[in-house]
file work16.cif (mmCIF, C-alpha atoms)
data_structure
#
loop_
_atom_site.group_PDB
_atom_site.id
_atom_site.type_symbol
_atom_site.label_atom_id
_atom_site.label_comp_id
_atom_site.auth_asym_id
_atom_site.auth_seq_id
_atom_site.Cartn_x
_atom_site.Cartn_y
_atom_site.Cartn_z
ATOM 1 C CA MET A 1 -7.112 -29.569 11.240
ATOM 2 C CA VAL A 2 -3.506 -30.050 10.074
ATOM 3 C CA LEU A 3 -4.618 -32.258 7.180
ATOM 4 C CA LYS A 4 -7.259 -29.706 6.202
ATOM 5 C CA LYS A 5 -4.619 -26.956 6.140
ATOM 6 C CA LYS A 6 -2.292 -29.055 4.028
ATOM 7 C CA ILE A 7 -5.018 -29.897 1.488
ATOM 8 C CA LEU A 8 -6.124 -26.273 1.276
ATOM 9 C CA GLY A 9 -2.546 -25.038 0.979
ATOM 10 C CA VAL A 10 -1.619 -27.529 -1.748
ATOM 11 C CA THR A 11 -4.817 -26.714 -3.665
ATOM 12 C CA TYR A 12 -4.074 -22.985 -3.559
ATOM 13 C CA LEU A 13 -0.431 -23.437 -4.581
ATOM 14 C CA MET A 14 -1.329 -25.769 -7.438
ATOM 15 C CA SER A 15 -3.993 -23.361 -8.686
ATOM 16 C CA PHE A 16 -1.503 -20.491 -8.434
ATOM 17 C CA LEU A 17 1.127 -22.425 -10.409
ATOM 18 C CA VAL A 18 -1.392 -23.365 -13.102
ATOM 19 C CA ILE A 19 -2.363 -19.694 -13.485
ATOM 20 C CA ILE A 20 1.282 -18.604 -13.710
ATOM 21 C CA LEU A 21 2.015 -21.261 -16.354
ATOM 22 C CA LEU A 22 -1.024 -20.239 -18.387
ATOM 23 C CA LEU A 23 -0.031 -16.576 -18.192
ATOM 24 C CA TYR A 24 3.478 -17.484 -19.302
ATOM 25 C CA PHE A 25 2.301 -19.804 -22.086
ATOM 26 C CA PHE A 26 -0.085 -17.238 -23.560
ATOM 27 C CA GLU A 27 2.355 -14.361 -22.866
ATOM 28 C CA VAL A 28 -0.341 -12.474 -21.021
ATOM 29 C CA TYR A 29 1.998 -10.251 -19.012
ATOM 30 C CA SER A 30 3.659 -8.898 -22.163
ATOM 31 C CA LYS A 31 0.233 -7.794 -23.396
ATOM 32 C CA LEU A 32 -1.036 -6.145 -20.218
ATOM 33 C CA ASN A 33 -0.271 -2.560 -21.161
ATOM 34 C CA TYR A 34 -2.164 0.442 -22.435
ATOM 35 C CA GLU A 35 -1.221 -0.233 -26.091
ATOM 36 C CA PHE A 36 -2.776 -3.700 -25.954
ATOM 37 C CA PHE A 37 -5.963 -2.379 -24.368
ATOM 38 C CA PHE A 38 -6.112 0.502 -26.846
ATOM 39 C CA SER A 39 -5.768 -1.878 -29.811
ATOM 40 C CA LEU A 40 -8.903 -3.651 -28.594
ATOM 41 C CA LYS A 41 -10.639 -0.497 -27.413
ATOM 42 C CA GLU A 42 -13.386 -0.433 -30.035
ATOM 43 C CA ASP A 43 -14.156 -4.158 -29.695
ATOM 44 C CA ILE A 44 -14.251 -3.890 -25.904
ATOM 45 C CA ILE A 45 -16.581 -0.891 -25.987
ATOM 46 C CA SER A 46 -18.873 -2.555 -28.556
ATOM 47 C CA PHE A 47 -19.155 -5.682 -26.422
ATOM 48 C CA LYS A 48 -19.866 -3.570 -23.351
ATOM 49 C CA ASN A 49 -22.581 -1.561 -25.103
ATOM 50 C CA LEU A 50 -24.355 -4.750 -26.185
ATOM 51 C CA ASN A 51 -23.899 -6.622 -22.902
ATOM 52 C CA PHE A 52 -23.545 -4.030 -20.141
ATOM 53 C CA PRO A 53 -24.873 -6.057 -17.144
ATOM 54 C CA PHE A 54 -22.969 -9.143 -18.297
ATOM 55 C CA THR A 55 -19.799 -7.049 -18.726
ATOM 56 C CA ILE A 56 -20.058 -5.836 -15.126
ATOM 57 C CA PHE A 57 -20.589 -9.402 -13.925
ATOM 58 C CA LEU A 58 -17.587 -10.720 -15.898
ATOM 59 C CA PHE A 59 -15.391 -7.860 -14.742
ATOM 60 C CA PHE A 60 -16.359 -8.449 -11.115
ATOM 61 C CA LEU A 61 -15.844 -12.207 -11.347
ATOM 62 C CA PHE A 62 -12.430 -12.055 -13.004
ATOM 63 C CA SER A 63 -11.202 -9.214 -10.775
ATOM 64 C CA VAL A 64 -12.096 -11.246 -7.657
ATOM 65 C CA PHE A 65 -10.311 -14.280 -9.062
ATOM 66 C CA TRP A 66 -7.280 -12.259 -10.177
ATOM 67 C CA VAL A 67 -6.818 -10.394 -6.880
ATOM 68 C CA PHE A 68 -7.328 -13.548 -4.823
ATOM 69 C CA PHE A 69 -4.488 -15.367 -6.599
ATOM 70 C CA LEU A 70 -2.164 -12.609 -7.823
ATOM 71 C CA GLY A 71 -3.139 -9.413 -6.016
ATOM 72 C CA ILE A 72 -2.281 -7.179 -8.996
ATOM 73 C CA ILE A 73 -4.927 -4.587 -9.823
ATOM 74 C CA SER A 74 -3.335 -2.422 -12.553
ATOM 75 C CA PRO A 75 -4.644 -4.469 -15.559
ATOM 76 C CA PHE A 76 -8.193 -4.152 -14.271
ATOM 77 C CA LEU A 77 -7.779 -0.441 -13.635
ATOM 78 C CA LEU A 78 -6.732 -0.013 -17.273
ATOM 79 C CA LEU A 79 -9.625 -2.134 -18.519
ATOM 80 C CA SER A 80 -12.120 -0.383 -16.261
ATOM 81 C CA SER A 81 -11.049 3.034 -17.541
ATOM 82 C CA ILE A 82 -12.063 1.901 -21.058
ATOM 83 C CA LEU A 83 -15.259 0.107 -20.130
ATOM 84 C CA PHE A 84 -16.824 2.416 -17.556
ATOM 85 C CA THR A 85 -17.032 5.980 -16.396
ATOM 86 C CA PRO A 86 -14.800 6.770 -13.389
ATOM 87 C CA ILE A 87 -17.742 6.596 -10.956
ATOM 88 C CA ILE A 88 -19.132 3.266 -12.192
ATOM 89 C CA GLY A 89 -15.615 1.876 -12.656
ATOM 90 C CA THR A 90 -14.623 2.835 -9.116
ATOM 91 C CA PHE A 91 -17.627 1.076 -7.619
ATOM 92 C CA VAL A 92 -17.157 -2.074 -9.727
ATOM 93 C CA CYS A 93 -13.403 -2.177 -9.079
ATOM 94 C CA LEU A 94 -13.751 -1.595 -5.349
ATOM 95 C CA THR A 95 -16.390 -4.306 -5.053
ATOM 96 C CA GLY A 96 -14.301 -6.861 -6.950
ATOM 97 C CA PHE A 97 -10.958 -5.890 -5.419
ATOM 98 C CA THR A 98 -12.330 -5.853 -1.879
ATOM 99 C CA THR A 99 -13.943 -9.265 -2.324
ATOM 100 C CA GLY A 100 -10.757 -10.796 -3.762
ATOM 101 C CA ALA A 101 -8.591 -9.116 -1.121
ATOM 102 C CA THR A 102 -10.845 -10.367 1.683
ATOM 103 C CA LEU A 103 -10.642 -13.941 0.422
ATOM 104 C CA ASN A 104 -6.865 -13.598 0.120
ATOM 105 C CA TYR A 105 -6.630 -12.151 3.630
ATOM 106 C CA ALA A 106 -8.853 -14.840 5.137
ATOM 107 C CA LEU A 107 -6.702 -17.566 3.582
ATOM 108 C CA SER A 108 -3.444 -15.913 4.681
ATOM 109 C CA LYS A 109 -4.786 -15.382 8.180
ATOM 110 C CA TYR A 110 -5.873 -19.010 8.391
ATOM 111 C CA PHE A 111 -2.345 -20.193 7.596
ATOM 112 C CA PHE A 112 -0.101 -17.574 9.188
ATOM 113 C CA LYS A 113 -1.955 -15.811 12.018
ATOM 114 C CA ASP A 114 -0.474 -17.921 14.834
ATOM 115 C CA LYS A 115 3.077 -17.606 13.509
ATOM 116 C CA VAL A 116 2.849 -13.851 12.934
ATOM 117 C CA THR A 117 1.234 -13.226 16.319
ATOM 118 C CA PHE A 118 3.785 -15.381 18.149
ATOM 119 C CA TYR A 119 6.685 -13.630 16.389
ATOM 120 C CA LEU A 120 5.418 -10.095 17.061
ATOM 121 C CA ILE A 121 4.512 -10.716 20.710
ATOM 122 C CA ASN A 122 7.949 -12.155 21.459
ATOM 123 C CA LYS A 123 10.002 -9.838 19.264
ATOM 124 C CA TYR A 124 8.081 -6.549 19.478
ATOM 125 C CA PRO A 125 5.687 -6.619 22.467
ATOM 126 C CA ARG A 126 5.323 -2.817 22.629
ATOM 127 C CA LEU A 127 4.657 -2.565 18.890
ATOM 128 C CA THR A 128 2.089 -5.350 19.159
ATOM 129 C CA ASN A 129 0.231 -3.441 21.880
ATOM 130 C CA VAL A 130 0.175 -0.225 19.821
ATOM 131 C CA VAL A 131 -0.991 -1.998 16.673
ATOM 132 C CA THR A 132 -3.729 -4.058 18.319
ATOM 133 C CA THR A 133 -5.046 -1.037 20.227
ATOM 134 C CA ASN A 134 -5.476 1.022 17.048
ATOM 135 C CA ASN A 135 -5.605 -1.794 14.486
ATOM 136 C CA PHE A 136 -8.400 -0.421 12.314
ATOM 137 C CA ARG A 137 -7.060 3.128 12.170
ATOM 138 C CA TYR A 138 -3.519 2.016 11.363
ATOM 139 C CA PHE A 139 -4.650 -0.409 8.674
ATOM 140 C CA PHE A 140 -6.935 2.247 7.206
ATOM 141 C CA LEU A 141 -3.905 4.553 6.935
ATOM 142 C CA VAL A 142 -1.938 1.795 5.187
ATOM 143 C CA ARG A 143 -4.776 1.402 2.677
ATOM 144 C CA ILE A 144 -4.893 5.127 1.914
ATOM 145 C CA LEU A 145 -1.152 5.567 1.395
ATOM 146 C CA PRO A 146 0.083 5.109 -2.204
ATOM 147 C CA GLY A 147 3.097 3.057 -3.195
ATOM 148 C CA VAL A 148 2.379 -0.067 -1.152
ATOM 149 C CA PRO A 149 1.469 -3.003 -3.450
ATOM 150 C CA PHE A 150 -2.150 -4.109 -3.149
ATOM 151 C CA SER A 151 -1.200 -7.719 -2.357
ATOM 152 C CA VAL A 152 1.168 -6.605 0.423
ATOM 153 C CA LYS A 153 -1.606 -4.568 2.018
ATOM 154 C CA ASN A 154 -3.814 -7.650 2.078
ATOM 155 C CA ILE A 155 -1.237 -9.702 3.957
ATOM 156 C CA LEU A 156 -0.450 -6.819 6.342
ATOM 157 C CA GLY A 157 -3.968 -7.256 7.695
ATOM 158 C CA ILE A 158 -2.603 -10.244 9.626
ATOM 159 C CA VAL A 159 -0.203 -7.977 11.536
ATOM 160 C CA PHE A 160 -3.101 -5.761 12.582
ATOM 161 C CA ASN A 161 -5.208 -8.789 13.549
ATOM 162 C CA LEU A 162 -8.356 -7.418 11.940
ATOM 163 C CA ASN A 163 -11.661 -9.207 11.809
ATOM 164 C CA ILE A 164 -13.266 -9.606 8.380
ATOM 165 C CA LYS A 165 -15.717 -6.723 8.854
ATOM 166 C CA LYS A 166 -12.952 -4.240 9.703
ATOM 167 C CA PHE A 167 -10.789 -5.514 6.860
ATOM 168 C CA ILE A 168 -13.588 -5.034 4.315
ATOM 169 C CA THR A 169 -14.426 -1.545 5.598
ATOM 170 C CA ALA A 170 -10.800 -0.366 5.651
ATOM 171 C CA THR A 171 -10.094 -1.834 2.213
ATOM 172 C CA PHE A 172 -13.191 -0.455 0.486
ATOM 173 C CA PHE A 173 -13.015 3.088 1.857
ATOM 174 C CA GLY A 174 -9.221 3.262 2.132
ATOM 175 C CA GLU A 175 -8.679 2.321 -1.517
ATOM 176 C CA PHE A 176 -11.533 4.498 -2.784
ATOM 177 C CA PRO A 177 -9.657 7.856 -3.190
ATOM 178 C CA GLN A 178 -6.670 6.552 -5.126
ATOM 179 C CA ILE A 179 -8.689 4.180 -7.327
ATOM 180 C CA TYR A 180 -11.095 6.983 -8.261
ATOM 181 C CA LEU A 181 -8.151 9.279 -9.015
ATOM 182 C CA VAL A 182 -6.344 6.665 -11.150
ATOM 183 C CA LEU A 183 -9.497 5.737 -13.084
ATOM 184 C CA THR A 184 -10.254 9.394 -13.778
ATOM 185 C CA LEU A 185 -6.732 9.909 -15.147
ATOM 186 C CA PHE A 186 -6.812 6.717 -17.234
ATOM 187 C CA HIS A 187 -10.322 7.437 -18.518
ATOM 188 C CA ASN A 188 -9.348 10.904 -19.721
ATOM 189 C CA PHE A 189 -6.089 9.536 -21.117
ATOM 190 C CA PHE A 190 -7.836 6.937 -23.276
ATOM 191 C CA LYS A 191 -10.363 9.511 -24.466
ATOM 192 C CA THR A 192 -7.543 11.665 -25.880
ATOM 193 C CA PHE A 193 -5.448 8.766 -27.198
ATOM 194 C CA ASP A 194 -6.214 8.681 -30.923
ATOM 195 C CA VAL A 195 -5.536 6.053 -33.570
ATOM 196 C CA ASN A 196 -2.149 7.591 -34.380
ATOM 197 C CA LYS A 197 -1.187 7.319 -30.707
ATOM 198 C CA ASN A 198 -1.110 11.074 -30.288
ATOM 199 C CA ILE A 199 -1.964 12.215 -26.786
ATOM 200 C CA ASP A 200 -3.607 15.489 -25.903
ATOM 201 C CA TRP A 201 -1.972 16.110 -22.539
ATOM 202 C CA THR A 202 -4.328 18.978 -21.805
ATOM 203 C CA PHE A 203 -6.568 16.422 -20.072
ATOM 204 C CA LEU A 204 -4.226 16.841 -17.094
ATOM 205 C CA TYR A 205 -5.579 20.369 -16.728
ATOM 206 C CA ASN A 206 -9.162 19.169 -16.709
ATOM 207 C CA VAL A 207 -11.069 20.716 -13.788
ATOM 208 C CA GLU A 208 -12.282 17.295 -12.645
ATOM 209 C CA VAL A 209 -8.741 15.888 -12.625
ATOM 210 C CA ILE A 210 -7.383 18.877 -10.698
ATOM 211 C CA ILE A 211 -10.138 18.739 -8.070
ATOM 212 C CA ILE A 212 -9.765 14.992 -7.534
ATOM 213 C CA THR A 213 -5.964 15.266 -7.304
ATOM 214 C CA LEU A 214 -6.171 18.071 -4.761
ATOM 215 C CA ALA A 215 -8.811 16.155 -2.785
ATOM 216 C CA TYR A 216 -6.538 13.104 -2.670
ATOM 217 C CA PHE A 217 -3.620 15.156 -1.350
ATOM 218 C CA VAL A 218 -5.910 16.641 1.306
ATOM 219 C CA ILE A 219 -6.835 13.090 2.321
ATOM 220 C CA LEU A 220 -3.141 12.166 2.543
ATOM 221 C CA LEU A 221 -2.474 15.190 4.760
ATOM 222 C CA PHE A 222 -5.415 14.210 6.956
ATOM 223 C CA ALA A 223 -4.081 10.647 7.160
ATOM 224 C CA ASP A 224 -0.655 11.929 8.187
ATOM 225 C CA ARG A 225 -2.215 14.145 10.857
ATOM 226 C CA LEU A 226 -4.278 11.228 12.158
ATOM 227 C CA ASN A 227 -1.155 9.070 12.306
ATOM 228 C CA ARG A 228 0.665 11.718 14.356
ATOM 229 C CA LYS A 229 -2.330 11.997 16.683
ATOM 230 C CA ILE A 230 -2.364 8.236 17.270
ATOM 231 C CA LEU A 231 1.360 8.242 18.042
ATOM 232 C CA ARG A 232 0.929 11.093 20.558
ATOM 233 C CA GLU A 233 -1.920 9.242 22.271
ATOM 234 C CA ASN A 234 0.204 6.116 22.540
ATOM 235 C CA ARG A 235 3.114 8.041 24.069
ATOM 236 C CA LYS A 236 0.821 9.605 26.670
ATOM 237 C CA SER A 237 -0.683 6.231 27.590
ATOM 238 C CA ARG A 238 2.723 4.681 28.384
#
call {"tool": "encode", "arguments": {"input": "work16.cif", "output": "structure tokens"}}
result
Amino acid sequence: MVLKKKILGVTYLMSFLVIILLLYFFEVYSKLNYEFFFSLKEDIISFKNLNFPFTIFLFFLFSVFWVFFLGIISPFLLLSSILFTPIIGTFVCLTGFTTGATLNYALSKYFFKDKVTFYLINKYPRLTNVVTTNNFRYFFLVRILPGVPFSVKNILGIVFNLNIKKFITATFFGEFPQIYLVLTLFHNFFKTFDVNKNIDWTFLYNVEVIIITLAYFVILLFADRLNRKILRENRKSR
């Protein structure tokens, strides 16, 4: 078992280092911005129109690979907003991101579950009891809240000791509101971004954008209320 862990760990680290070196060598990170994607916008759209099913497959495959190793989703959100409508893009992104995140979580859990569990039980026994009792609901709240990096959320699943089914469910539905909102904003942004790089900011007043933004804030308020309810229940049970 120890040898298996070492082989798997070394393989992952070597693959990660190779990816980082390739990204550095080809200066990929310096190109992952909206200007780069806009410069290729017409070529990307033409390829998509001629090879739509294959485009979805490639997008899914690379997004799984990317999230599994690096956990960064912003480049694929930008690309998706050019390739697909917000609805199709949300489904494709969520499917790819959730798959990559689940693989990343399973690997992290395999290596660090015992250490994390041992540390929490000894250091924070009361916190451990609260978290394990409401693990799905708490992790779902973490997934909904903005600002927490996607890769950090994946690893936090270890703290909540989730099984794979709960992790997939919380990730897919928890990330859905903010991904749909971001893709809608990016999609409308790229539609108004002309060749001269002039932006028609009136897209922010689009009815669809306003409704989705308001809906997301309602979801955040609901999540906050649910969090307070869980805390009250835990206080009463002590």
call {"tool": "residues_around", "arguments": {"input": "work16.cif", "residues": "Ser81 (chain A)", "least_positions_apart": "3", "cutoff": "12 Å", "atoms": "only C-alpha atoms", "output": "PyMOL selection string"}}
result
chain A and resi 34+37-38+41+44-45+74-78+84-90+92-93+179-191
call {"tool": "resolve_selection", "arguments": {"input": "work16.cif", "expression": "the PyMOL selection byres ((chain A and resi 67) around 9)", "output": "ChimeraX atom specification"}}
result
/A:62-66,68-73,96-101,103-104,150-151
call {"tool": "resolve_selection", "arguments": {"input": "work16.cif", "expression": "the PyMOL selection byres ((chain A and resi 107-109) around 9)", "output": "list in words"}}
result
Gly9, Thr102, Leu103, Asn104, Tyr105, Ala106, Tyr110, Phe111, Phe112, Lys113, Asp114, Asn154, Ile155, Gly157, Ile158 and Asn161 of chain A
call {"tool": "axis_aligned_box", "arguments": {"input": "work16.cif", "around": "region 97-103 of chain A", "padding_each_side": "4 Å", "output": "JSON"}}
result
{"center_x": -11.3, "center_y": -9.9, "center_z": -1.9, "size_x": 13.4, "size_y": 16.1, "size_z": 15.1}
call {"tool": "resolve_selection", "arguments": {"input": "work16.cif", "expression": "the PyMOL selection byres ((chain A and resi 141-143) around 9)", "output": "PDB file with C-alpha atoms, in the frame of the given file"}}
result
ATOM      1  CA  PHE A 136      -8.400  -0.421  12.314  1.00  0.00           C
ATOM      2  CA  ARG A 137      -7.060   3.128  12.170  1.00  0.00           C
ATOM      3  CA  TYR A 138      -3.519   2.016  11.363  1.00  0.00           C
ATOM      4  CA  PHE A 139      -4.650  -0.409   8.674  1.00  0.00           C
ATOM      5  CA  PHE A 140      -6.935   2.247   7.206  1.00  0.00           C
ATOM      6  CA  ILE A 144      -4.893   5.127   1.914  1.00  0.00           C
ATOM      7  CA  LEU A 145      -1.152   5.567   1.395  1.00  0.00           C
ATOM      8  CA  PRO A 146       0.083   5.109  -2.204  1.00  0.00           C
ATOM      9  CA  VAL A 148       2.379  -0.067  -1.152  1.00  0.00           C
ATOM     10  CA  PHE A 150      -2.150  -4.109  -3.149  1.00  0.00           C
ATOM     11  CA  LYS A 153      -1.606  -4.568   2.018  1.00  0.00           C
ATOM     12  CA  LEU A 156      -0.450  -6.819   6.342  1.00  0.00           C
ATOM     13  CA  ALA A 170     -10.800  -0.366   5.651  1.00  0.00           C
ATOM     14  CA  THR A 171     -10.094  -1.834   2.213  1.00  0.00           C
ATOM     15  CA  PHE A 172     -13.191  -0.455   0.486  1.00  0.00           C
ATOM     16  CA  PHE A 173     -13.015   3.088   1.857  1.00  0.00           C
ATOM     17  CA  GLY A 174      -9.221   3.262   2.132  1.00  0.00           C
ATOM     18  CA  GLU A 175      -8.679   2.321  -1.517  1.00  0.00           C
ATOM     19  CA  LEU A 220      -3.141  12.166   2.543  1.00  0.00           C
ATOM     20  CA  ALA A 223      -4.081  10.647   7.160  1.00  0.00           C
ATOM     21  CA  ASP A 224      -0.655  11.929   8.187  1.00  0.00           C
ATOM     22  CA  LEU A 226      -4.278  11.228  12.158  1.00  0.00           C
ATOM     23  CA  ASN A 227      -1.155   9.070  12.306  1.00  0.00           C
TER      24      ASN A 227
END
